[in-house]
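Colleague: One structure coming up, written as structure tokens, with questions to follow.
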Amino acid sequence: MLTLAEVCAEIKISRSTFYDWRAKGLAPDCSKIPNGELRVSREDLNAWWEARKVAA
């Protein structure tokens, strides 16, 4: 599971952008762990990324 910081760094967005996308239903699927932090599985991030690729 990736931390929010790792996800944001990998897709080159700010944390606030991630939360905006999450509020709009545009972010990758997240899981909340017991301490309240969000995690994203590598599989979910890869699937999300593939769904957003545009043919050049």
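So you can find residues: chains in the structure tokens are A, B, ... in the order shown, residues in each start at 1, and ligands are numbered from 1 in order.
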Show me, as number ranges by chain, the residues that have an atom within 10 Å of segment 21-29 of chain A when counting only C-alpha atoms, minus same-chain residues fewer than 2 positions from it.
Modeller: A: 7, 15-19, 31, 38-41, 43-49
Colleague: With DSSP run on the backbone, what are the alpha helix (DSSP H) residues within chain A? I'd like them as an MDAnalysis selection string.
Modeller: chainID A and resid 4:11 15:23 42:51
Colleague: Can you measure atom CA of Leu4 of chain A to atom CA of Ile33 of chain A for me? One decimal in Å is fine.
Modeller: 11.9 Å
Colleague: As an exercise, work out the distance from atom CA of Arg52 of chain A to atom CA of Ala5 of chain A in Å and give it to one decimal place.
Modeller: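 Calculated distance between atom CA of Arg52 of chain A and atom CA of Ala5 of chain A is 20.3 Å.
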Colleague: Let's see if you can do this: from backbone DSSP, list all strand (DSSP E or B) residues in chain A, as a list in words.
Modeller: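 DSSP-assigned strand (DSSP E or B) residues in chain A: Leu2, Thr3, Ser31, Lys32, Leu38, Arg39 and Val40 of chain A.
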Colleague: I need the chosen residues saved as a JSON list (two decimals), in the first residue's frame, with N, CA and C atoms.
Modeller:
```json
[["chain", "number", "residue", "atom", "x", "y", "z"],
["A", 2, "LEU", "N", 0.51, 2.19, -0.85],
["A", 2, "LEU", "CA", 1.27, 3.43, -0.97],
["A", 2, "LEU", "C", 0.66, 4.51, -0.09],
["A", 3, "THR", "N", 1.52, 5.34, 0.46],
["A", 3, "THR", "CA", 1.03, 6.48, 1.24],
["A", 3, "THR", "C", 0.54, 7.56, 0.28],
["A", 31, "SER", "N", -8.02, 3.41, 0.67],
["A", 31, "SER", "CA", -8.43, 2.71, 1.89],
["A", 31, "SER", "C", -7.97, 3.56, 3.06],
["A", 32, "LYS", "N", -8.81, 3.64, 4.08],
["A", 32, "LYS", "CA", -8.43, 4.37, 5.28],
["A", 32, "LYS", "C", -7.99, 3.35, 6.32],
["A", 38, "LEU", "N", -4.84, 7.71, 4.65],
["A", 38, "LEU", "CA", -5.27, 7.05, 3.41],
["A", 38, "LEU", "C", -4.11, 6.26, 2.82],
["A", 39, "ARG", "N", -4.44, 5.15, 2.19],
["A", 39, "ARG", "CA", -3.48, 4.34, 1.46],
["A", 39, "ARG", "C", -4.11, 3.96, 0.12],
["A", 40, "VAL", "N", -3.26, 3.81, -0.88],
["A", 40, "VAL", "CA", -3.70, 3.40, -2.22],
["A", 40, "VAL", "C", -2.89, 2.17, -2.61]]
```
Colleague: To one decimal in Å, tell me the separation between atom CA of Pro34 of chain A and atom CA of Lys12 of chain A.
Modeller: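 One can read the atom CA of Pro34 of chain A to atom CA of Lys12 of chain A distance as 26.6 Å.
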